[in-house]
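Asker: Quick one: the structure is below, and I'll ask about it shortly.
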Amino acid sequence: MENRREFLKKMSTGTAAMFLGGSGIGLSAKSYRQVVGANDRIRVGIVGFSDRFRSSLLPGFTNYAKELNFEMVALSDLWNRRRDEGKAYIKEKAGWDIALCRNNDELYERKDIDAVIISTADFQHALHLVEAAKAGKHAYCEKPFAETLDDANEALKACKAAGIVVQIGSQRRSGANYHAAHDYIRSGKFGDIVMAEMTWNVNQPGRWRRPDLCASIKESDVDWKRFLMNRPAVPWDPRKYLEYRLFWPYSSGIPGQWMCHQIDTVHWFTGLPYPRSVVSNGGIYLWKDGRSNADTLTSVFDYGPLDDSSKGFQVVYSSRFTNSAGGTKELYYSNGGMLNLDTNEITSAGGLREREAAAMDLKANLLEAYTLPKQTAATDANMGGDPLTSQHMKNWMECVKANNIKTNCPVEAGHSHTVACAMANAAFRTGLRVTYDSAKQQIMAGDRIFKY
């Protein structure tokens with residue numbers, strides 16, 4: 001076994017060069033037919049002209065479009081205003097004169113689409129990914145992967161059957177610091193994780209609110225029935241169309257938007273696909289604006305081998321809209337110290353000191369200090385220029401060129417973060433301790449399957 005100092009030396013010199021690559025090329029019989037020649041131009045359709053697309057996905061794509069021979073050729077959006085804005089914006093920023101489609105049926109009728117970028121409402125991601133898979137189109141799909149297990153299961157099945165290249169938009173998986181943290185933990189140098197603490201705090205009454213747009217949009221401007229997809233039919237509501245993140249079952253809010261990023265690192269770092277159980281508590285404590293999703297939430301996850309309850313660790317996740325103190329934190333603890341993904345430092349903070357160890361005839365356990373590559377995820381509402389998103393997009397584009405299904409964040413990772421976040425949401429809405437039944441592929445609240 002190499003010692004810790006030798007390992008850290010290798011990490012400091014080698015991590016920055018390796019953080020983008022997925023290893024191996026997986027070609028199913030179906031995906032083999034979708035191989036695009038290395039010199040062929042990849043033509044991309046946009047499913048949803050969102051704020052996220054405008055601020056981060058488009059810049060990330062255009063950073064590498066010329067180098068990798070990609071272009072955007074068409075845009076699908078249900079709102080006529082967004083279609084027109086999207087066409088003008090893409091023309092201004094990238095020079096492409098794209099075609100407009102009123103819906104995805106029109107988009108997939110086109111013969112010039114090889115791949116799509118999906119950035120629609122939270123609950124639609126998995127359902128739109130199913131459409132892409134059935135059309136045989138590679139996809140970059142924004143997170144959350146899904147908001148319900150039924151949608152997640154359908155999308156996972158469809159993508160695996162089609163053999164398309166999928167990148168879920170959990171951009172931490174393309175960060176040098178996160179790759180270094182992953183390798184350090186998986187090497188055993190950190191020791192067993194005993195706990196993780198994660199926060200995402202803002203003080204933003206306007207977060208996810210669009211009052212001016214809600215006042216101006218009309219039902220005749222959109223296709224409301226198509227927007228609802230498989231959700232219950234309800235009368236037109238501009239807030240549910242534009243402020244969907246505030247309302248269940250169109251979004252779980254905090255779990256789907258924020259928790260999914262951070263809980264995904266737990267699965268990635270440990271290889272555990274989902275928690276053993278979750279409990280949650282929270283509410284709408286301050287911003288009483290008609291929303292149905294919490295403005296404050298705390299969830300406690302139990303992780304570990306399903307067949308050994310004596311081993312494992314706890315993850316405490318907390319988030320609030322009402323006070324920004326503490327900001328965004330990802331802290332991992334072992335008996336020897338702490339890994340802080342806010343500062344990118346591994347330290348001996350809290351580790352077992354000699355005095356306490358000697359009292360139990362043990363040896364001190366203190367991690368050697370080490371600094372991860374300096375790269376962090378953007379957490380502002382406007383994440384334009386986020387380097388992680390740009391790198392994440394590049395990884396997808398390179399994998400599409402090579403028909404390599406092993407992207408940095410494949411469809412299975414999206415399914416896993418959906419399980420964890422759906423468990424947290426179910427625990428919040430039922431007040432019960434919830435578990436996941438892998439045989440049924442469903443969330444269990446007590447002895448009942450949780451359904452919205």
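Order determines the names: the first chain of the structure tokens is A, the second B, and so forth; residues in each chain are numbered 1 upward, and ligands are numbered 1 upward as they are shown.
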Taking only stretch 227-334 of chain A into account, list the residues labelled alpha helix (DSSP H) by DSSP (computed from the backbone), as a PyMOL selection string.
Answerer: chain A and resi 227-228+238-242+254+260-270
Asker: Using only C-alpha atoms, which residues of stretch 123-230 of chain A come within 7 Å of stretch 243-257 of chain A, and what is the closest atom pair for each, with the distance in Å to one decimal? Give it as a Markdown table, sorted by chain and residue number.
Answerer:
| residue | atom | partner | partner_atom | distance |
| --- | --- | --- | --- | --- |
| A:Phe123 | CA | A:Tyr250 | CA | 5.1 |
| A:Pro144 | CA | A:Gly256 | CA | 5.3 |
| A:Glu147 | CA | A:Ser251 | CA | 6.5 |
| A:Trp208 | CA | A:Glu243 | CA | 5.9 |
| A:Arg209 | CA | A:Glu243 | CA | 5.7 |
| A:Arg210 | CA | A:Glu243 | CA | 6.3 |
Asker: Residues near A:Leu352, anyone? I mean within 9 Å using only C-alpha atoms, not counting same-chain ones fewer than 4 positions away, as a list in words.
Answerer: Asn335, Gly336, Gly337, Ser348, Glu356, Ala357, Lys363, Ala364, Asn365 and Leu366 of chain A
Asker: So that I can check the surroundings of A:Cys141, please list as a ChimeraX atom specification every protein, DNA and RNA residue that reaches within 12 Å of it, counting only C-alpha atoms and ignoring chain neighbours fewer than 6 positions away.
Answerer: /A:46-48,52-53,57,115-122,124-133,155,159,165-171,392-393,396,409-411,414
